[in-house]
Each structure stands twice: as structure tokens, then as C-alpha cells.
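The data block below is target_35.pdb; it holds PDB, C-alpha atoms.
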ATOM      1  CA  MET A  30     -40.686  53.715 -10.926  1.00  0.00           C
ATOM      2  CA  VAL A  31     -44.383  53.722 -10.171  1.00  0.00           C
ATOM      3  CA  SER A  32     -45.796  55.375  -7.067  1.00  0.00           C
ATOM      4  CA  LEU A  33     -48.547  53.443  -5.279  1.00  0.00           C
ATOM      5  CA  THR A  34     -50.588  54.078  -2.152  1.00  0.00           C
ATOM      6  CA  ILE A  35     -51.145  50.747  -0.448  1.00  0.00           C
ATOM      7  CA  ASN A  36     -52.785  50.488   2.962  1.00  0.00           C
ATOM      8  CA  GLY A  37     -52.236  54.216   3.487  1.00  0.00           C
ATOM      9  CA  ARG A  38     -48.508  54.029   2.795  1.00  0.00           C
ATOM     10  CA  GLN A  39     -46.610  55.280  -0.267  1.00  0.00           C
ATOM     11  CA  TYR A  40     -44.467  52.836  -2.215  1.00  0.00           C
ATOM     12  CA  ALA A  41     -42.119  53.401  -5.137  1.00  0.00           C
ATOM     13  CA  VAL A  42     -42.255  50.238  -7.216  1.00  0.00           C
ATOM     14  CA  ASP A  43     -39.770  49.270  -9.902  1.00  0.00           C
ATOM     15  CA  ALA A  44     -41.676  46.798 -12.074  1.00  0.00           C
ATOM     16  CA  GLU A  45     -42.863  46.412 -15.641  1.00  0.00           C
ATOM     17  CA  LEU A  46     -46.042  48.435 -16.233  1.00  0.00           C
ATOM     18  CA  ASP A  47     -47.968  45.380 -17.395  1.00  0.00           C
ATOM     19  CA  THR A  48     -47.169  43.401 -14.222  1.00  0.00           C
ATOM     20  CA  PRO A  49     -50.384  42.391 -12.472  1.00  0.00           C
ATOM     21  CA  LEU A  50     -50.965  44.237  -9.202  1.00  0.00           C
ATOM     22  CA  LEU A  51     -51.203  40.864  -7.437  1.00  0.00           C
ATOM     23  CA  PHE A  52     -47.568  40.060  -8.201  1.00  0.00           C
ATOM     24  CA  VAL A  53     -46.401  43.532  -7.192  1.00  0.00           C
ATOM     25  CA  LEU A  54     -48.171  43.107  -3.853  1.00  0.00           C
ATOM     26  CA  ARG A  55     -46.905  39.572  -3.187  1.00  0.00           C
ATOM     27  CA  ASP A  56     -43.498  39.373  -4.845  1.00  0.00           C
ATOM     28  CA  THR A  57     -42.236  42.944  -4.796  1.00  0.00           C
ATOM     29  CA  LEU A  58     -43.745  44.265  -1.558  1.00  0.00           C
ATOM     30  CA  GLY A  59     -44.124  41.054   0.462  1.00  0.00           C
ATOM     31  CA  LEU A  60     -47.849  41.567   1.156  1.00  0.00           C
ATOM     32  CA  THR A  61     -48.716  37.889   0.847  1.00  0.00           C
ATOM     33  CA  GLY A  62     -52.212  37.945   2.358  1.00  0.00           C
ATOM     34  CA  THR A  63     -53.638  38.476  -1.125  1.00  0.00           C
ATOM     35  CA  LYS A  64     -53.608  35.057  -2.772  1.00  0.00           C
ATOM     36  CA  TYR A  65     -53.069  33.786  -6.297  1.00  0.00           C
ATOM     37  CA  GLY A  66     -55.892  31.499  -7.322  1.00  0.00           C
ATOM     38  CA  CYS A  67     -56.721  31.192 -10.999  1.00  0.00           C
ATOM     39  CA  GLY A  68     -54.966  34.123 -12.673  1.00  0.00           C
ATOM     40  CA  ILE A  69     -58.022  34.943 -14.806  1.00  0.00           C
ATOM     41  CA  ALA A  70     -60.129  36.975 -12.325  1.00  0.00           C
ATOM     42  CA  GLN A  71     -62.650  34.181 -11.810  1.00  0.00           C
ATOM     43  CA  CYS A  72     -61.999  32.825  -8.314  1.00  0.00           C
ATOM     44  CA  GLY A  73     -61.556  36.016  -6.279  1.00  0.00           C
ATOM     45  CA  ALA A  74     -58.663  34.845  -4.071  1.00  0.00           C
ATOM     46  CA  CYS A  75     -56.744  37.940  -5.214  1.00  0.00           C
ATOM     47  CA  THR A  76     -59.455  40.462  -4.262  1.00  0.00           C
ATOM     48  CA  VAL A  77     -58.241  43.837  -2.997  1.00  0.00           C
ATOM     49  CA  HIS A  78     -59.926  47.234  -2.854  1.00  0.00           C
ATOM     50  CA  LEU A  79     -59.122  49.952  -5.378  1.00  0.00           C
ATOM     51  CA  ASP A  80     -60.621  53.149  -4.003  1.00  0.00           C
ATOM     52  CA  GLY A  81     -63.007  50.970  -1.992  1.00  0.00           C
ATOM     53  CA  GLN A  82     -64.151  48.778  -4.894  1.00  0.00           C
ATOM     54  CA  ALA A  83     -63.554  45.036  -4.665  1.00  0.00           C
ATOM     55  CA  THR A  84     -61.166  44.276  -7.517  1.00  0.00           C
ATOM     56  CA  ARG A  85     -59.454  41.103  -8.648  1.00  0.00           C
ATOM     57  CA  SER A  86     -55.821  42.122  -8.633  1.00  0.00           C
ATOM     58  CA  CYS A  87     -54.534  39.315 -10.869  1.00  0.00           C
ATOM     59  CA  GLN A  88     -55.924  41.152 -13.906  1.00  0.00           C
ATOM     60  CA  VAL A  89     -55.050  44.735 -12.932  1.00  0.00           C
ATOM     61  CA  PRO A  90     -51.889  45.914 -14.693  1.00  0.00           C
ATOM     62  CA  LEU A  91     -49.657  48.070 -12.525  1.00  0.00           C
ATOM     63  CA  GLU A  92     -49.978  50.969 -14.971  1.00  0.00           C
ATOM     64  CA  SER A  93     -53.774  51.100 -14.510  1.00  0.00           C
ATOM     65  CA  VAL A  94     -53.674  51.615 -10.740  1.00  0.00           C
ATOM     66  CA  GLY A  95     -52.648  55.254 -11.053  1.00  0.00           C
ATOM     67  CA  SER A  96     -53.611  57.311  -7.997  1.00  0.00           C
ATOM     68  CA  GLN A  97     -56.202  54.824  -6.722  1.00  0.00           C
ATOM     69  CA  ALA A  98     -55.735  53.773  -3.111  1.00  0.00           C
ATOM     70  CA  VAL A  99     -55.087  50.053  -2.744  1.00  0.00           C
ATOM     71  CA  THR A 100     -56.282  48.263   0.392  1.00  0.00           C
ATOM     72  CA  THR A 101     -55.238  44.687   1.081  1.00  0.00           C
ATOM     73  CA  ILE A 102     -56.266  42.157   3.704  1.00  0.00           C
ATOM     74  CA  GLU A 103     -53.277  43.243   5.818  1.00  0.00           C
ATOM     75  CA  ALA A 104     -55.035  46.558   6.574  1.00  0.00           C
ATOM     76  CA  ILE A 105     -58.721  45.612   6.458  1.00  0.00           C
ATOM     77  CA  GLU A 106     -59.145  45.663  10.245  1.00  0.00           C
ATOM     78  CA  GLN A 107     -58.144  49.339  10.272  1.00  0.00           C
ATOM     79  CA  ASP A 108     -61.546  49.961   8.683  1.00  0.00           C
ATOM     80  CA  ALA A 109     -64.539  49.736  11.060  1.00  0.00           C
ATOM     81  CA  VAL A 110     -66.584  47.658   8.606  1.00  0.00           C
ATOM     82  CA  GLY A 111     -63.609  45.439   7.817  1.00  0.00           C
ATOM     83  CA  ARG A 112     -63.070  44.844  11.522  1.00  0.00           C
ATOM     84  CA  LYS A 113     -66.717  43.772  11.924  1.00  0.00           C
ATOM     85  CA  VAL A 114     -66.373  41.400   8.985  1.00  0.00           C
ATOM     86  CA  VAL A 115     -63.226  39.798  10.421  1.00  0.00           C
ATOM     87  CA  GLU A 116     -64.871  39.482  13.842  1.00  0.00           C
ATOM     88  CA  ALA A 117     -67.885  37.745  12.265  1.00  0.00           C
ATOM     89  CA  TRP A 118     -65.576  35.423  10.311  1.00  0.00           C
ATOM     90  CA  VAL A 119     -63.777  34.447  13.528  1.00  0.00           C
ATOM     91  CA  THR A 120     -66.927  34.151  15.647  1.00  0.00           C
ATOM     92  CA  LEU A 121     -68.645  31.896  13.110  1.00  0.00           C
ATOM     93  CA  GLN A 122     -65.427  30.007  12.306  1.00  0.00           C
ATOM     94  CA  VAL A 123     -66.015  30.479   8.578  1.00  0.00           C
ATOM     95  CA  PRO A 124     -62.716  29.201   7.117  1.00  0.00           C
ATOM     96  CA  GLN A 125     -61.942  25.573   6.545  1.00  0.00           C
ATOM     97  CA  CYS A 126     -58.689  25.546   4.572  1.00  0.00           C
ATOM     98  CA  GLY A 127     -58.704  29.355   4.599  1.00  0.00           C
ATOM     99  CA  TYR A 128     -57.016  29.919   1.236  1.00  0.00           C
ATOM    100  CA  CYS A 129     -59.832  31.969  -0.294  1.00  0.00           C
ATOM    101  CA  GLN A 130     -60.812  33.763   2.865  1.00  0.00           C
ATOM    102  CA  SER A 131     -58.768  36.942   2.449  1.00  0.00           C
ATOM    103  CA  GLY A 132     -60.540  37.525  -0.867  1.00  0.00           C
ATOM    104  CA  GLN A 133     -63.899  36.642   0.700  1.00  0.00           C
ATOM    105  CA  VAL A 134     -63.350  39.144   3.529  1.00  0.00           C
ATOM    106  CA  MET A 135     -62.350  41.850   1.047  1.00  0.00           C
ATOM    107  CA  ALA A 136     -65.472  41.200  -1.067  1.00  0.00           C
ATOM    108  CA  ALA A 137     -67.729  41.179   2.005  1.00  0.00           C
ATOM    109  CA  THR A 138     -66.243  44.411   3.330  1.00  0.00           C
ATOM    110  CA  ALA A 139     -66.746  46.173  -0.009  1.00  0.00           C
ATOM    111  CA  LEU A 140     -70.341  44.922  -0.127  1.00  0.00           C
ATOM    112  CA  LEU A 141     -71.158  46.145   3.396  1.00  0.00           C
ATOM    113  CA  LYS A 142     -69.522  49.527   2.813  1.00  0.00           C
ATOM    114  CA  GLN A 143     -71.720  50.025  -0.270  1.00  0.00           C
ATOM    115  CA  MET A 144     -74.832  48.340   1.138  1.00  0.00           C
ATOM    116  CA  PRO A 145     -74.896  48.223   4.966  1.00  0.00           C
ATOM    117  CA  ASN A 146     -78.039  46.055   5.147  1.00  0.00           C
ATOM    118  CA  PRO A 147     -77.917  43.625   2.227  1.00  0.00           C
ATOM    119  CA  THR A 148     -80.642  41.090   1.566  1.00  0.00           C
ATOM    120  CA  ASP A 149     -79.780  37.439   1.073  1.00  0.00           C
ATOM    121  CA  GLY A 150     -80.115  38.075  -2.657  1.00  0.00           C
ATOM    122  CA  ASP A 151     -77.689  41.003  -2.457  1.00  0.00           C
ATOM    123  CA  ILE A 152     -75.184  38.806  -0.623  1.00  0.00           C
ATOM    124  CA  ALA A 153     -75.507  36.012  -3.164  1.00  0.00           C
ATOM    125  CA  GLU A 154     -75.075  38.471  -6.027  1.00  0.00           C
ATOM    126  CA  ALA A 155     -72.033  40.204  -4.530  1.00  0.00           C
ATOM    127  CA  MET A 156     -70.190  37.246  -3.025  1.00  0.00           C
ATOM    128  CA  THR A 157     -69.025  35.566  -6.221  1.00  0.00           C
ATOM    129  CA  ASN A 158     -65.612  34.454  -4.963  1.00  0.00           C
ATOM    130  CA  LEU A 159     -65.065  30.707  -5.148  1.00  0.00           C
ATOM    131  CA  CYS A 160     -64.473  28.501  -2.111  1.00  0.00           C
ATOM    132  CA  ARG A 161     -63.244  24.970  -2.774  1.00  0.00           C
ATOM    133  CA  CYS A 162     -64.306  23.930   0.727  1.00  0.00           C
ATOM    134  CA  GLY A 163     -67.879  25.077   0.100  1.00  0.00           C
ATOM    135  CA  THR A 164     -68.234  27.409   3.081  1.00  0.00           C
ATOM    136  CA  TYR A 165     -70.801  29.533   1.252  1.00  0.00           C
ATOM    137  CA  ASN A 166     -73.488  29.194   3.940  1.00  0.00           C
ATOM    138  CA  ALA A 167     -71.029  30.212   6.650  1.00  0.00           C
ATOM    139  CA  ILE A 168     -69.789  33.114   4.508  1.00  0.00           C
ATOM    140  CA  ALA A 169     -73.345  34.391   4.000  1.00  0.00           C
ATOM    141  CA  ALA A 170     -74.068  34.016   7.726  1.00  0.00           C
ATOM    142  CA  ALA A 171     -70.942  36.002   8.580  1.00  0.00           C
ATOM    143  CA  VAL A 172     -71.902  38.769   6.142  1.00  0.00           C
ATOM    144  CA  ARG A 173     -75.360  38.924   7.767  1.00  0.00           C
ATOM    145  CA  GLN A 174     -73.796  39.038  11.243  1.00  0.00           C
ATOM    146  CA  ALA A 175     -71.369  41.796  10.260  1.00  0.00           C
ATOM    147  CA  ALA A 176     -74.289  43.790   8.826  1.00  0.00           C
ATOM    148  CA  ALA A 177     -76.298  43.537  12.068  1.00  0.00           C
TER     149      ALA A 177
END

Would you put the structure from the file into C-alpha cells?
Amino acid sequence: MVSLTINGRQYAVDAELDTPLLFVLRDTLGLTGTKYGCGIAQCGACTVHLDGQATRSCQVPLESVGSQAVTTIEAIEQDAVGRKVVEAWVTLQVPQCGYCQSGQVMAATALLKQMPNPTDGDIAEAMTNLCRCGTYNAIAAAVRQAAA
């Protein structure tokens, strides 16, 4: 059994130690807001926060989580910055298909918590998650709005 703190709650998880955190979240705990995209940490659909750092959970083995606090999209609005990001996403109607958006919101929240007033260059550098619908301009606009 592995003990995890996810969204402020303690979980005892019975899974192989090399199981990616993504699958523990989705399949074991039923937290399906974090999405599977590519499985190789390139697309960002699986982004969660580990101790506040945006992390691609598909490549994080369960054993490496340790005592780090995990935050998923299900709890992001409990954070003041996360709430502002979600409000900007809704106001600007950022999603098209929406599949990547939980990862985008997690990446944007981590960026704004580390850098409350990012430049356009900072946003471009930090927001590396892929969006098949191409909503990059809307994503950047929402990050700017949430920073204001």
C-alpha cells in the first residue's frame, strides 16, 4: 500500500510501484479529469501539480510521488489562482473539443502561481501542452486575463 495526498485528502493505494500516477488517478481512484493523451509526457493532457509544480503524470511512477501533494483538475478551483484561470477559460470560451483543457488549466495555474504577471514570451515558454483544435491564441488570452 502506498499513501498519497491528493487534493488534500489521504488515499491508501494498492498498486504496483511502477504504475504511472495517471493510471492510479484515473483507474484506481476514479479521478478522470486528468486525461491520457500520448503516454510519453509530450502532449500535457495528463498535467497535474506535484507540490505546486506542473507535472505530466503519465511518466511519474507511483513510487516517486512520495510525500508530495498531488493536485488534480478536480480541486483546482479550491485555489484562488486556479479559480481565476477557470473563470477566464469560461469567459473567453477557450475549449473547442475540450480534451486537453484540464492539462492546459493545470499548466496555466502553475505558471501564474510562480509568475503572477507573465509576459507573452513567458506564456509561450510555459504553455507547451498540445491542443489538436489549435486554441493557442485563446489559451494565451485566458492566461493574460487570469493574470490581470

Could you tell me, as a ChimeraX atom specification, exactly which residues end up selected when the PyMOL selection byres ((chain A and resi 177) around 12) is applied to this structure? /A:110,113-114,117,141,145-148,170-176

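If only C-alpha atoms are the atoms counted, then among A:Met30, A:Ala155, A:Leu50, A:Cys75 the closest residue to Ser93 in chain A is A:Leu50.
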
Shortest contact to Ala98 in chain A, candidates A:Asn36, A:Thr164, A:Ser86, A:Thr63, atoms counted only C-alpha atoms, goes to A:Asn36

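Counting only C-alpha atoms and comparing A:Gln88, A:Gln130, A:Thr138, A:Thr100, the residue that lies closest to Thr48 in chain A is A:Gln88.
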
Neighbouring residues of Met135 in chain A were defined as those with any atom within 10 Å, considering all atoms listed in the file; residues of the same chain fewer than 2 positions away were excluded. Please report them as a list of chain:residue names. A:Thr63, A:Gly73, A:Ala74, A:Cys75, A:Thr76, A:Val77, A:His78, A:Gly81, A:Gln82, A:Ala83, A:Thr84, A:Thr100, A:Thr101, A:Ile102, A:Ile105, A:Gly111, A:Val114, A:Val115, A:Gln130, A:Ser131, A:Gly132, A:Gln133, A:Ala137, A:Thr138, A:Ala139, A:Leu140, A:Met156

Could you tell me how far CA of Cys126 in chain A lies from CA of Thr61 in chain A, in Å and to one decimal? 16.3 Å
